[in-house]
$ cat my_file_14.pdb   # PDB, C-alpha atoms
ATOM      1  CA  MET A   1      -5.786  -6.254  14.282
ATOM      2  CA  SER A   2      -4.491  -4.874  11.013
ATOM      3  CA  ASP A   3      -7.141  -3.691   8.576
ATOM      4  CA  LEU A   4      -5.391  -4.379   5.300
ATOM      5  CA  THR A   5      -3.608  -7.262   3.619
ATOM      6  CA  VAL A   6      -0.853  -7.211   1.001
ATOM      7  CA  SER A   7      -0.760  -9.442  -2.083
ATOM      8  CA  ARG A   8       1.784 -12.271  -2.312
ATOM      9  CA  HIS A   9       3.030 -10.551  -5.474
ATOM     10  CA  PHE A  10       4.495  -7.634  -3.504
ATOM     11  CA  VAL A  11       6.182  -9.979  -1.034
ATOM     12  CA  GLN A  12       7.917 -11.869  -3.843
ATOM     13  CA  ALA A  13       8.703  -8.683  -5.788
ATOM     14  CA  ALA A  14      10.373  -7.155  -2.717
ATOM     15  CA  LEU A  15      12.659 -10.215  -2.429
ATOM     16  CA  VAL A  16      13.906 -10.236  -6.054
ATOM     17  CA  GLY A  17      17.060  -8.195  -5.373
ATOM     18  CA  ALA A  18      17.927 -10.169  -2.242
ATOM     19  CA  GLU A  19      17.547 -13.459  -4.146
ATOM     20  CA  THR A  20      19.755 -12.193  -6.979
ATOM     21  CA  LEU A  21      22.463 -11.218  -4.483
ATOM     22  CA  GLY A  22      22.360 -14.619  -2.771
ATOM     23  CA  PHE A  23      20.604 -13.749   0.497
ATOM     24  CA  ASP A  24      18.598 -16.441   2.306
ATOM     25  CA  THR A  25      15.126 -15.082   1.541
ATOM     26  CA  ARG A  26      13.347 -17.968   3.294
ATOM     27  CA  GLU A  27      15.075 -16.955   6.508
ATOM     28  CA  MET A  28      14.101 -13.308   5.872
ATOM     29  CA  LEU A  29      10.472 -14.362   5.462
ATOM     30  CA  ARG A  30      10.533 -16.378   8.677
ATOM     31  CA  GLU A  31      12.084 -13.441  10.543
ATOM     32  CA  ALA A  32       9.169 -11.300   9.342
ATOM     33  CA  GLY A  33       6.665 -13.898  10.572
ATOM     34  CA  ILE A  34       5.707 -15.086   7.068
ATOM     35  CA  SER A  35       5.613 -18.813   6.327
ATOM     36  CA  PRO A  36       7.489 -19.514   3.055
ATOM     37  CA  ASP A  37       4.859 -22.232   2.495
ATOM     38  CA  LEU A  38       2.130 -19.608   2.350
ATOM     39  CA  LEU A  39       3.728 -18.086  -0.763
ATOM     40  CA  ARG A  40       3.102 -21.327  -2.645
ATOM     41  CA  ILE A  41      -0.567 -20.290  -2.694
ATOM     42  CA  GLU A  42      -0.867 -18.129  -5.794
ATOM     43  CA  MET A  43      -3.452 -15.680  -4.396
ATOM     44  CA  ALA A  44      -2.108 -15.596  -0.827
ATOM     45  CA  ARG A  45      -1.953 -12.349   1.129
ATOM     46  CA  VAL A  46      -0.004 -11.303   4.220
ATOM     47  CA  SER A  47      -0.941  -8.797   6.918
ATOM     48  CA  SER A  48       0.340  -5.244   6.655
ATOM     49  CA  ASP A  49       2.275  -5.867   9.908
ATOM     50  CA  GLN A  50       4.115  -8.809   8.335
ATOM     51  CA  PHE A  51       4.875  -6.856   5.156
ATOM     52  CA  SER A  52       6.141  -3.861   7.129
ATOM     53  CA  HIS A  53       8.394  -6.173   9.158
ATOM     54  CA  LEU A  54       9.714  -7.799   5.958
ATOM     55  CA  MET A  55      10.681  -4.388   4.548
ATOM     56  CA  GLN A  56      12.637  -3.599   7.713
ATOM     57  CA  VAL A  57      14.377  -6.989   7.594
ATOM     58  CA  LEU A  58      15.336  -6.430   3.945
ATOM     59  CA  TRP A  59      16.734  -2.926   4.481
ATOM     60  CA  ASN A  60      18.692  -3.892   7.591
ATOM     61  CA  ARG A  61      20.101  -7.179   6.286
ATOM     62  CA  MET A  62      21.044  -5.785   2.879
ATOM     63  CA  GLY A  63      22.147  -2.335   4.060
ATOM     64  CA  ASP A  64      20.347  -1.032   0.979
ATOM     65  CA  GLU A  65      17.055   0.883   0.945
ATOM     66  CA  PHE A  66      16.741   0.067  -2.763
ATOM     67  CA  MET A  67      16.781  -3.675  -1.835
ATOM     68  CA  GLY A  68      19.205  -4.564  -4.639
ATOM     69  CA  LEU A  69      16.745  -3.293  -7.271
ATOM     70  CA  GLY A  70      18.261   0.129  -7.972
ATOM     71  CA  PRO A  71      21.146   1.440 -10.082
ATOM     72  CA  ARG A  72      23.258   1.682  -6.911
ATOM     73  CA  ARG A  73      23.077   1.001  -3.198
ATOM     74  CA  ALA A  74      21.146   3.416  -0.969
ATOM     75  CA  ARG A  75      22.723   2.957   2.440
ATOM     76  CA  THR A  76      20.441   2.463   5.422
ATOM     77  CA  GLY A  77      19.625   5.892   6.844
ATOM     78  CA  THR A  78      19.290   7.684   3.501
ATOM     79  CA  PHE A  79      15.516   8.080   3.864
ATOM     80  CA  ALA A  80      15.833   9.217   7.490
ATOM     81  CA  THR A  81      18.378  11.871   6.478
ATOM     82  CA  MET A  82      16.052  13.187   3.785
ATOM     83  CA  CYS A  83      13.237  13.349   6.363
ATOM     84  CA  ALA A  84      15.467  15.316   8.753
ATOM     85  CA  LEU A  85      15.961  17.876   5.980
ATOM     86  CA  VAL A  86      12.319  18.280   4.989
ATOM     87  CA  ILE A  87      10.787  18.481   8.490
ATOM     88  CA  ASP A  88      11.736  22.176   8.695
ATOM     89  CA  CYS A  89      10.034  23.051   5.378
ATOM     90  CA  LEU A  90       7.106  25.477   5.496
ATOM     91  CA  ASN A  91       4.782  23.727   3.047
ATOM     92  CA  LEU A  92       4.423  20.741   0.714
ATOM     93  CA  LYS A  93       5.943  22.557  -2.252
ATOM     94  CA  SER A  94       9.169  23.197  -0.361
ATOM     95  CA  VAL A  95       9.141  19.592   0.949
ATOM     96  CA  TYR A  96       9.196  18.169  -2.567
ATOM     97  CA  ARG A  97      11.746  20.722  -3.795
ATOM     98  CA  GLN A  98      14.065  19.984  -0.862
ATOM     99  CA  ALA A  99      13.660  16.206  -1.184
ATOM    100  CA  PHE A 100      14.564  16.397  -4.869
ATOM    101  CA  ARG A 101      17.668  18.523  -4.146
ATOM    102  CA  PHE A 102      18.775  15.928  -1.593
ATOM    103  CA  SER A 103      18.149  12.955  -3.906
ATOM    104  CA  ARG A 104      20.057  14.452  -6.838
ATOM    105  CA  LEU A 105      23.229  14.577  -4.706
ATOM    106  CA  PHE A 106      23.606  10.851  -5.399
ATOM    107  CA  GLU A 107      24.662   9.358  -8.707
ATOM    108  CA  PRO A 108      22.908   7.742 -10.443
ATOM    109  CA  MET A 109      19.895   9.758  -9.261
ATOM    110  CA  VAL A 110      16.669   8.086  -8.097
ATOM    111  CA  ALA A 111      14.044  10.692  -7.202
ATOM    112  CA  MET A 112      10.745  12.357  -7.999
ATOM    113  CA  GLU A 113      10.719  15.881  -9.380
ATOM    114  CA  LEU A 114       7.914  18.361  -8.797
ATOM    115  CA  GLU A 115       6.504  19.963 -11.943
ATOM    116  CA  ILE A 116       3.824  22.647 -11.551
ATOM    117  CA  GLY A 117       1.261  23.434 -14.244
ATOM    118  CA  GLU A 118      -1.631  25.908 -14.393
ATOM    119  CA  ASP A 119      -4.128  23.797 -12.438
ATOM    120  CA  ASN A 120      -2.279  20.777 -11.188
ATOM    121  CA  ALA A 121       1.105  19.526 -10.080
ATOM    122  CA  GLN A 122       2.992  16.361 -10.928
ATOM    123  CA  LEU A 123       5.589  14.272  -9.170
ATOM    124  CA  VAL A 124       7.611  12.786 -12.035
ATOM    125  CA  THR A 125       9.969   9.844 -11.515
ATOM    126  CA  ARG A 126      13.603  10.519 -12.405
ATOM    127  CA  MET A 127      15.761   7.388 -12.552
ATOM    128  CA  GLU A 128      19.262   7.351 -13.975
ATOM    129  CA  GLY A 129      21.418   4.335 -14.619
ATOM    130  CA  GLU A 130      20.395   0.719 -14.996
ATOM    131  CA  ILE A 131      17.825  -0.661 -12.598
ATOM    132  CA  HIS A 132      17.129  -4.327 -11.836
ATOM    133  CA  ASP A 133      13.410  -4.139 -11.148
ATOM    134  CA  PRO A 134      11.600  -6.811 -13.207
ATOM    135  CA  SER A 135       8.449  -6.672 -11.042
ATOM    136  CA  PHE A 136       8.363  -2.815 -10.917
ATOM    137  CA  PHE A 137       8.578  -2.911  -7.106
ATOM    138  CA  LEU A 138      11.209  -0.197  -6.744
ATOM    139  CA  ARG A 139       9.334   2.144  -9.088
ATOM    140  CA  GLU A 140       6.041   1.540  -7.273
ATOM    141  CA  SER A 141       7.705   2.032  -3.886
ATOM    142  CA  ILE A 142       9.230   5.388  -4.838
ATOM    143  CA  LEU A 143       5.814   6.669  -5.982
ATOM    144  CA  VAL A 144       4.066   5.441  -2.849
ATOM    145  CA  ILE A 145       6.700   6.661  -0.376
ATOM    146  CA  TRP A 146       6.972  10.201  -1.774
ATOM    147  CA  HIS A 147       3.189  10.543  -2.016
ATOM    148  CA  ARG A 148       2.452   9.208   1.470
ATOM    149  CA  LEU A 149       5.362  11.022   3.131
ATOM    150  CA  GLY A 150       4.002  14.306   1.766
ATOM    151  CA  SER A 151       0.496  13.403   2.943
ATOM    152  CA  TRP A 152       1.764  12.592   6.440
ATOM    153  CA  LEU A 153       3.745  15.830   6.703
ATOM    154  CA  ILE A 154       0.725  18.017   5.883
ATOM    155  CA  GLY A 155      -1.701  15.890   7.890
ATOM    156  CA  GLN A 156      -4.061  15.123   5.000
ATOM    157  CA  PRO A 157      -3.986  12.676   2.082
ATOM    158  CA  ILE A 158      -2.948  14.297  -1.198
ATOM    159  CA  GLU A 159      -5.858  13.298  -3.439
ATOM    160  CA  LEU A 160      -4.515  11.989  -6.734
ATOM    161  CA  GLU A 161      -6.115  12.887 -10.058
ATOM    162  CA  LYS A 162      -4.096  10.387 -12.082
ATOM    163  CA  ALA A 163      -1.275   7.865 -11.776
ATOM    164  CA  GLU A 164       0.630   7.033 -14.950
ATOM    165  CA  PHE A 165       3.369   4.553 -15.723
ATOM    166  CA  ASP A 166       5.889   4.338 -18.557
ATOM    167  CA  TYR A 167       5.497   0.556 -18.789
ATOM    168  CA  PRO A 168       2.677  -1.797 -19.888
ATOM    169  CA  ARG A 169      -0.008  -2.773 -17.382
ATOM    170  CA  PRO A 170       1.604  -5.565 -15.304
ATOM    171  CA  ALA A 171      -0.127  -8.805 -14.326
ATOM    172  CA  HIS A 172      -0.730  -7.382 -10.840
ATOM    173  CA  GLY A 173      -2.101  -4.118 -12.262
ATOM    174  CA  ASP A 174      -5.460  -4.587 -10.533
ATOM    175  CA  GLU A 175      -3.704  -4.040  -7.181
ATOM    176  CA  TYR A 176      -2.876  -0.495  -8.299
ATOM    177  CA  ARG A 177      -6.543   0.473  -7.867
ATOM    178  CA  HIS A 178      -6.236  -0.063  -4.108
ATOM    179  CA  ILE A 179      -2.855   1.683  -3.859
ATOM    180  CA  PHE A 180      -3.527   4.925  -5.720
ATOM    181  CA  HIS A 181      -7.351   5.347  -5.593
ATOM    182  CA  CYS A 182      -7.424   7.263  -8.892
ATOM    183  CA  PRO A 183      -7.556   6.721 -12.670
ATOM    184  CA  LEU A 184      -4.557   4.762 -13.991
ATOM    185  CA  ALA A 185      -2.701   5.095 -17.306
ATOM    186  CA  PHE A 186      -0.116   2.574 -18.523
ATOM    187  CA  ASP A 187       2.255   2.782 -21.514
ATOM    188  CA  SER A 188       2.589   6.507 -20.771
ATOM    189  CA  ASP A 189       5.645   8.589 -21.681
ATOM    190  CA  LYS A 190       6.483   9.005 -17.974
ATOM    191  CA  THR A 191       5.837   7.579 -14.525
ATOM    192  CA  ALA A 192       4.120  10.285 -12.509
ATOM    193  CA  LEU A 193       1.426  11.235 -10.010
ATOM    194  CA  THR A 194      -0.892  14.176 -10.773
ATOM    195  CA  PHE A 195      -2.738  16.160  -8.086
ATOM    196  CA  ASP A 196      -4.377  19.569  -7.562
ATOM    197  CA  LYS A 197      -1.703  22.195  -6.960
ATOM    198  CA  ARG A 198      -3.676  23.628  -4.008
ATOM    199  CA  PHE A 199      -2.018  20.911  -1.898
ATOM    200  CA  LEU A 200       1.385  22.541  -2.484
ATOM    201  CA  SER A 201       0.529  25.449  -0.202
ATOM    202  CA  ALA A 202      -0.582  23.136   2.652
ATOM    203  CA  PRO A 203       1.668  23.766   5.685
ATOM    204  CA  VAL A 204       3.875  21.092   7.236
ATOM    205  CA  ILE A 205       2.213  20.345  10.590
ATOM    206  CA  ARG A 206       4.616  17.708  11.961
ATOM    207  CA  ASP A 207       7.501  18.422  14.316
ATOM    208  CA  LYS A 208      10.856  16.751  15.019
ATOM    209  CA  PRO A 209       9.652  14.528  17.909
ATOM    210  CA  GLU A 210       6.801  13.261  15.687
ATOM    211  CA  MET A 211       9.319  12.613  12.911
ATOM    212  CA  GLN A 212      11.537  10.586  15.262
ATOM    213  CA  GLN A 213       8.549   8.421  16.180
ATOM    214  CA  PHE A 214       7.502   8.133  12.528
ATOM    215  CA  LEU A 215      10.962   6.939  11.466
ATOM    216  CA  LYS A 216      10.859   3.964  13.850
ATOM    217  CA  THR A 217       8.644   2.130  11.362
ATOM    218  CA  SER A 218       8.947   4.144   8.137
ATOM    219  CA  PRO A 219       9.227   3.979   5.215
ATOM    220  CA  ALA A 220       8.056   0.384   5.789
ATOM    221  CA  ASP A 221       4.702   1.526   7.171
ATOM    222  CA  LEU A 222       4.209   3.951   4.286
ATOM    223  CA  LEU A 223       4.320   1.001   1.898
ATOM    224  CA  SER A 224       2.167  -1.364   3.939
ATOM    225  CA  ARG A 225      -0.336   0.902   5.709
ATOM    226  CA  PRO A 226      -1.736   3.774   3.641
ATOM    227  CA  ASP A 227      -3.727   6.509   5.346
ATOM    228  CA  GLU A 228      -7.137   6.017   3.757
ATOM    229  CA  SER A 229      -8.971   8.212   6.255
ATOM    230  CA  ASN A 230      -9.728  10.936   3.732
ATOM    231  CA  THR A 231     -10.739   8.627   0.882
ATOM    232  CA  PHE A 232     -14.342   7.510   0.585
ATOM    233  CA  THR A 233     -13.060   3.915   0.548
ATOM    234  CA  GLY A 234     -11.369   4.369   3.925
ATOM    235  CA  ARG A 235     -14.294   6.216   5.464
ATOM    236  CA  ILE A 236     -16.721   3.500   4.358
ATOM    237  CA  ARG A 237     -14.431   0.798   5.794
ATOM    238  CA  ALA A 238     -14.471   2.665   9.109
ATOM    239  CA  LEU A 239     -18.280   2.998   9.088
ATOM    240  CA  ILE A 240     -18.799  -0.694   8.301
ATOM    241  CA  GLY A 241     -16.481  -1.685  11.144
ATOM    242  CA  ARG A 242     -15.402  -5.268  11.827
ATOM    243  CA  ASP A 243     -18.508  -6.890  13.262
ATOM    244  CA  PHE A 244     -19.959  -8.785  10.317
ATOM    245  CA  ALA A 245     -22.039 -11.006  12.591
ATOM    246  CA  LYS A 246     -24.704  -8.285  12.671
ATOM    247  CA  PRO A 247     -26.453  -6.826   9.586
ATOM    248  CA  LEU A 248     -24.258  -4.403   7.657
ATOM    249  CA  PRO A 249     -25.336  -0.799   7.112
ATOM    250  CA  ASP A 250     -26.898  -0.215   3.707
ATOM    251  CA  PHE A 251     -25.557   2.135   1.059
ATOM    252  CA  GLU A 252     -28.140   4.841   1.681
ATOM    253  CA  TRP A 253     -27.266   4.979   5.404
ATOM    254  CA  ILE A 254     -23.544   5.153   4.552
ATOM    255  CA  ALA A 255     -24.177   8.024   2.105
ATOM    256  CA  ALA A 256     -26.187   9.921   4.727
ATOM    257  CA  GLU A 257     -23.421   9.457   7.311
ATOM    258  CA  LEU A 258     -20.940  10.887   4.801
ATOM    259  CA  HIS A 259     -23.270  13.841   4.094
ATOM    260  CA  THR A 260     -23.598  13.010   0.431
ATOM    261  CA  SER A 261     -26.188  11.516  -1.923
ATOM    262  CA  PRO A 262     -26.009   7.847  -2.984
ATOM    263  CA  GLN A 263     -25.475   8.973  -6.600
ATOM    264  CA  THR A 264     -22.540  11.222  -5.666
ATOM    265  CA  LEU A 265     -21.018   8.510  -3.462
ATOM    266  CA  ARG A 266     -21.223   5.950  -6.294
ATOM    267  CA  ARG A 267     -19.480   8.424  -8.596
ATOM    268  CA  ARG A 268     -16.737   9.104  -6.038
ATOM    269  CA  LEU A 269     -16.152   5.392  -5.473
ATOM    270  CA  LYS A 270     -15.879   4.929  -9.241
ATOM    271  CA  GLN A 271     -13.232   7.679  -9.274
ATOM    272  CA  GLU A 272     -11.416   5.732  -6.539
ATOM    273  CA  ASN A 273     -11.609   2.626  -8.744
ATOM    274  CA  THR A 274     -13.857   0.614  -6.445
ATOM    275  CA  SER A 275     -17.483  -0.037  -5.431
ATOM    276  CA  PHE A 276     -19.472  -0.547  -2.219
ATOM    277  CA  GLN A 277     -19.738  -4.289  -2.890
ATOM    278  CA  GLU A 278     -15.996  -4.609  -3.463
ATOM    279  CA  ILE A 279     -15.214  -2.712  -0.249
ATOM    280  CA  LYS A 280     -17.407  -5.142   1.714
ATOM    281  CA  ASP A 281     -15.924  -8.202  -0.030
ATOM    282  CA  LEU A 282     -12.330  -7.108   0.571
ATOM    283  CA  LEU A 283     -13.068  -6.332   4.216
ATOM    284  CA  ARG A 284     -14.499  -9.838   4.645
ATOM    285  CA  ARG A 285     -11.486 -11.348   2.878
ATOM    286  CA  ASP A 286      -8.956  -9.466   5.016
ATOM    287  CA  MET A 287     -10.778 -10.322   8.232
ATOM    288  CA  ALA A 288     -11.009 -14.001   7.262
ATOM    289  CA  ILE A 289      -7.251 -14.079   6.569
ATOM    290  CA  TYR A 290      -6.625 -12.407   9.922
ATOM    291  CA  TYR A 291      -8.673 -14.997  11.825
ATOM    292  CA  LEU A 292      -7.161 -17.924   9.894
ATOM    293  CA  SER A 293      -3.684 -16.801  10.941
ATOM    294  CA  ARG A 294      -4.748 -17.311  14.578
ATOM    295  CA  GLN A 295      -4.593 -20.820  16.026
ATOM    296  CA  GLU A 296      -7.847 -20.782  17.938
ATOM    297  CA  PRO A 297     -11.045 -20.139  15.953
ATOM    298  CA  PRO A 298     -12.589 -23.133  14.128
ATOM    299  CA  ILE A 299     -13.247 -22.390  10.456
ATOM    300  CA  ASN A 300     -17.040 -22.541  10.907
ATOM    301  CA  ASP A 301     -16.773 -19.892  13.636
ATOM    302  CA  ILE A 302     -14.706 -17.702  11.318
ATOM    303  CA  ALA A 303     -17.410 -18.017   8.666
ATOM    304  CA  ALA A 304     -19.945 -16.587  11.132
ATOM    305  CA  LYS A 305     -17.550 -13.840  12.284
ATOM    306  CA  VAL A 306     -17.173 -12.521   8.734
ATOM    307  CA  GLY A 307     -20.906 -12.597   8.033
ATOM    308  CA  PHE A 308     -21.650 -15.962   6.397
ATOM    309  CA  THR A 309     -24.611 -17.918   7.765
ATOM    310  CA  GLU A 310     -23.594 -21.053   5.834
ATOM    311  CA  PRO A 311     -20.012 -22.396   6.136
ATOM    312  CA  SER A 312     -20.256 -23.796   2.589
ATOM    313  CA  THR A 313     -20.918 -20.279   1.221
ATOM    314  CA  PHE A 314     -17.879 -19.009   3.107
ATOM    315  CA  HIS A 315     -15.718 -21.812   1.666
ATOM    316  CA  ARG A 316     -16.800 -20.893  -1.884
ATOM    317  CA  ALA A 317     -16.209 -17.171  -1.334
ATOM    318  CA  PHE A 318     -12.806 -17.726   0.272
ATOM    319  CA  LYS A 319     -11.698 -19.976  -2.576
ATOM    320  CA  LYS A 320     -12.738 -17.250  -5.026
ATOM    321  CA  TRP A 321     -10.667 -14.686  -3.071
ATOM    322  CA  THR A 322      -7.519 -16.779  -2.596
ATOM    323  CA  GLY A 323      -7.730 -19.814  -4.878
ATOM    324  CA  VAL A 324      -7.700 -22.298  -1.981
ATOM    325  CA  THR A 325     -10.004 -23.451   0.825
ATOM    326  CA  PRO A 326      -9.792 -21.869   4.294
ATOM    327  CA  GLY A 327      -8.265 -25.108   5.611
ATOM    328  CA  ALA A 328      -5.487 -25.150   3.003
ATOM    329  CA  TYR A 329      -4.793 -21.475   3.647
ATOM    330  CA  ARG A 330      -4.412 -22.109   7.386
ATOM    331  CA  GLU A 331      -1.999 -24.981   6.685
ATOM    332  CA  GLY A 332       0.038 -22.617   4.481
ATOM    333  CA  GLU A 333       0.140 -20.055   7.315
ATOM    334  CA  ARG A 334       1.407 -22.780   9.658
ATOM    335  CA  GLY A 335       3.995 -24.057   7.203
ATOM    336  CA  ASN A 336       2.266 -27.436   6.852
ATOM    337  CA  LEU A 337       1.158 -27.182   3.225
ATOM    338  CA  SER A 338       1.410 -30.593   1.575
ATOM    339  CA  GLY A 339       2.265 -31.281  -2.042
TER     340      GLY A 339
END
$ encode --input "my_file_14.pdb" --output "C-alpha cells"
Amino acid sequence: MSDLTVSRHFVQAALVGAETLGFDTREMLREAGISPDLLRIEMARVSSDQFSHLMQVLWNRMGDEFMGLGPRRARTGTFATMCALVIDCLNLKSVYRQAFRFSRLFEPMVAMELEIGEDNAQLVTRMEGEIHDPSFFLRESILVIWHRLGSWLIGQPIELEKAEFDYPRPAHGDEYRHIFHCPLAFDSDKTALTFDKRFLSAPVIRDKPEMQQFLKTSPADLLSRPDESNTFTGRIRALIGRDFAKPLPDFEWIAAELHTSPQTLRRRLKQENTSFQEIKDLLRRDMAIYYLSRQEPPINDIAAKVGFTEPSTFHRAFKKWTGVTPGAYREGERGNLSG
C-alpha cells in the first residue's frame, strides 16, 4: 500500500505537453492505471504508484524527459547518463557541480546551478529558451528531482530552509507545502532552493549497483514518492501507522517518542508548513482513497478502517477532502462516473 497520494492537478499538468503534441492522453492514463473519469472530479487524487507509472509512460511514449514542456527535447536516457556521471563524485558539492556541467552541454540549457554563500547554499534554476509550461510542472519537477536525487545519493534528506519561485503563487500553491516542507516565497527574482551548506560536504554513499536499481523507477519515483523519513512530518506518519480502528497516539506521546518537547515539535511542524491535525487528516484521506480504489470493502467498512465510528461523519469528511461522496469517488475510479 502506497502511503501518499498525488493531486489531480499534477496529473493534468504532466499531460499538457503530450496533449499539445497530439498524443492520446486518455490511453496514456489508462496504461498507467488511472481512470480518465476520475479526473473529472476536481479534487481527485491518484496513488503515488499510478503517478510514477504515468511519468514512465509519458517519457517512453514521447521520447522526451521534458514531456513536451521544455525549450527542446531531452531524449530518454538523459537523466540516466547524468546519474552515471555523478555516482563517482565524492560529496554532494561535487555532485551538483558535475550535474550542472553535464546539463550545460545541451542548448538551450535546463539545469540547476549551485551557488554557495557564507552560511547556506542555493540550487538556482537556469532555463534558456522558450518553455511551454503553463502549469509550472517542468519547473517544479526540475527542483524536486535535483533535490531528491542529491538526498538519495548522500543517504539523508537535504533539509530546505526556503523554496522560492519567480512566478506568482499558483492555484495549486497549497500543494507546495507538502512537497518542499519549508517556507515558500513566490514572485521572487529567481526560482531556487536554499539549504545549509554543511550538506555539501556529505559523502556520496551509493554505489553503481544501487544506482542501476534506482534508475529502474527514477526519476518517476523521485517525483511521486519523496523520502520523508528525516522530516518530522514523515516520522509522525510512521509513528501513527495505518491502523485507525484503534485510538491514535496523542501529541505528547509522539513528542516523547521523537525525543523532543511538544512545544518544539509544534514549532518544527510549523516550519514544515503543517500541523499534527493536518497530518492525521491527510493520512485518513490517503488511506480512504486507497481502500476505495479496491473493489471489495463496503464504504461503511472503510469508514471504520480509517477511524470514523459513524459512516455519516466519514461521508462529510471525505466530501470535504475531495468534493464528492465516497460512492461517487469509487465510480470515478471504476470509470462509471455519470453526468
$ closest_atom_pairs --input "my_file_14.pdb" --of "stretch 185-250 of chain A" --to "stretch 85-97 of chain A" --cutoff "8 Å" --atoms "only C-alpha atoms" --output "JSON lines"
{"residue": "A:Phe199", "atom": "CA", "partner": "A:Leu92", "partner_atom": "CA", "distance": 7.0}
{"residue": "A:Leu200", "atom": "CA", "partner": "A:Lys93", "partner_atom": "CA", "distance": 4.6}
{"residue": "A:Ser201", "atom": "CA", "partner": "A:Asn91", "partner_atom": "CA", "distance": 5.6}
{"residue": "A:Ala202", "atom": "CA", "partner": "A:Asn91", "partner_atom": "CA", "distance": 5.4}
{"residue": "A:Pro203", "atom": "CA", "partner": "A:Asn91", "partner_atom": "CA", "distance": 4.1}
{"residue": "A:Val204", "atom": "CA", "partner": "A:Asn91", "partner_atom": "CA", "distance": 5.0}
{"residue": "A:Arg206", "atom": "CA", "partner": "A:Ile87", "partner_atom": "CA", "distance": 7.1}
{"residue": "A:Asp207", "atom": "CA", "partner": "A:Ile87", "partner_atom": "CA", "distance": 6.7}
{"residue": "A:Lys208", "atom": "CA", "partner": "A:Ile87", "partner_atom": "CA", "distance": 6.8}
{"residue": "A:Met211", "atom": "CA", "partner": "A:Ile87", "partner_atom": "CA", "distance": 7.5}
$ closest_residue --input "my_file_14.pdb" --among "A:Glu210, A:Asp243, A:Asp196, A:Asp301" --to "A:Ala84" --atoms "all atoms listed in the file"
A:Glu210
$ resolve_selection --input "my_file_14.pdb" --expression "the PyMOL selection byres ((chain A and resi 115) around 12)" --output "JSON list (two decimals) with C-alpha atoms, keeping the file's coordinate frame"
[["chain", "number", "residue", "atom", "x", "y", "z"],
["A", 93, "LYS", "CA", 5.94, 22.56, -2.25],
["A", 96, "TYR", "CA", 9.20, 18.17, -2.57],
["A", 97, "ARG", "CA", 11.75, 20.72, -3.80],
["A", 100, "PHE", "CA", 14.56, 16.40, -4.87],
["A", 112, "MET", "CA", 10.74, 12.36, -8.00],
["A", 113, "GLU", "CA", 10.72, 15.88, -9.38],
["A", 114, "LEU", "CA", 7.91, 18.36, -8.80],
["A", 116, "ILE", "CA", 3.82, 22.65, -11.55],
["A", 117, "GLY", "CA", 1.26, 23.43, -14.24],
["A", 118, "GLU", "CA", -1.63, 25.91, -14.39],
["A", 119, "ASP", "CA", -4.13, 23.80, -12.44],
["A", 120, "ASN", "CA", -2.28, 20.78, -11.19],
["A", 121, "ALA", "CA", 1.10, 19.53, -10.08],
["A", 122, "GLN", "CA", 2.99, 16.36, -10.93],
["A", 123, "LEU", "CA", 5.59, 14.27, -9.17],
["A", 124, "VAL", "CA", 7.61, 12.79, -12.04],
["A", 125, "THR", "CA", 9.97, 9.84, -11.52],
["A", 126, "ARG", "CA", 13.60, 10.52, -12.40],
["A", 192, "ALA", "CA", 4.12, 10.28, -12.51],
["A", 193, "LEU", "CA", 1.43, 11.24, -10.01],
["A", 194, "THR", "CA", -0.89, 14.18, -10.77],
["A", 195, "PHE", "CA", -2.74, 16.16, -8.09],
["A", 196, "ASP", "CA", -4.38, 19.57, -7.56],
["A", 197, "LYS", "CA", -1.70, 22.20, -6.96],
["A", 200, "LEU", "CA", 1.38, 22.54, -2.48]]
$ residues_around --input "my_file_14.pdb" --residues "A:Leu258" --least-positions-apart "5" --cutoff "12 Å" --atoms "only C-alpha atoms" --output "PyMOL selection string"
chain A and resi 230-236+238-239+251-253+264-265+268
$ atom_distance --input "my_file_14.pdb" --atom1 "atom CA of A:Tyr167" --atom2 "atom CA of A:Arg73"
23.5 Å
$ closest_residue --input "my_file_14.pdb" --among "A:Ala14, A:Ala44, A:Ala163, A:Met28" --to "A:Pro326" --atoms "all atoms listed in the file"
A:Ala44
$ closest_residue --input "my_file_14.pdb" --among "A:Arg26, A:Lys270, A:Arg237, A:Arg104" --to "A:Pro183" --atoms "all atoms listed in the file"
A:Lys270
$ closest_residue --input "my_file_14.pdb" --among "A:Pro71, A:Ala220, A:Ser35, A:Gly150" --to "A:Met55" --atoms "only C-alpha atoms"
A:Ala220
$ resolve_selection --input "my_file_14.pdb" --expression "the PyMOL selection byres ((chain A and resi 45) around 7)" --output "JSON, numbers by chain"
{"A": [5, 6, 7, 8, 43, 44, 46, 47]}
$ residues_near_point --input "my_file_14.pdb" --point "(-5.4, -20.2, 1.2)" --cutoff "9 Å" --atoms "all atoms listed in the file" --output "compact mmCIF listing (two decimals) with C-alpha atoms, in the frame of the given file"
# COMPACT_ATOMS: atom_id res chain seq x y z
CA LEU A 38 2.13 -19.61 2.35
CA ILE A 41 -0.57 -20.29 -2.69
CA GLU A 42 -0.87 -18.13 -5.79
CA MET A 43 -3.45 -15.68 -4.40
CA ALA A 44 -2.11 -15.60 -0.83
CA ARG A 45 -1.95 -12.35 1.13
CA ILE A 289 -7.25 -14.08 6.57
CA PHE A 318 -12.81 -17.73 0.27
CA LYS A 319 -11.70 -19.98 -2.58
CA TRP A 321 -10.67 -14.69 -3.07
CA THR A 322 -7.52 -16.78 -2.60
CA GLY A 323 -7.73 -19.81 -4.88
CA VAL A 324 -7.70 -22.30 -1.98
CA THR A 325 -10.00 -23.45 0.82
CA PRO A 326 -9.79 -21.87 4.29
CA GLY A 327 -8.26 -25.11 5.61
CA ALA A 328 -5.49 -25.15 3.00
CA TYR A 329 -4.79 -21.48 3.65
CA ARG A 330 -4.41 -22.11 7.39
CA GLU A 331 -2.00 -24.98 6.68
CA GLY A 332 0.04 -22.62 4.48
CA GLU A 333 0.14 -20.06 7.32
$ residues_near_point --input "my_file_14.pdb" --point "(3.0, -7.2, 3.6)" --cutoff "12 Å" --atoms "only C-alpha atoms" --output "number ranges by chain"
A: 2-15, 29, 32-34, 39, 44-56, 220-226
$ closest_residue --input "my_file_14.pdb" --among "A:Thr76, A:Phe180, A:Ile154, A:Met67" --to "A:Leu138" --atoms "only C-alpha atoms"
A:Met67
$ closest_residue --input "my_file_14.pdb" --among "A:Ile179, A:Leu283, A:Leu184, A:Met62" --to "A:Glu164" --atoms "only C-alpha atoms"
A:Leu184
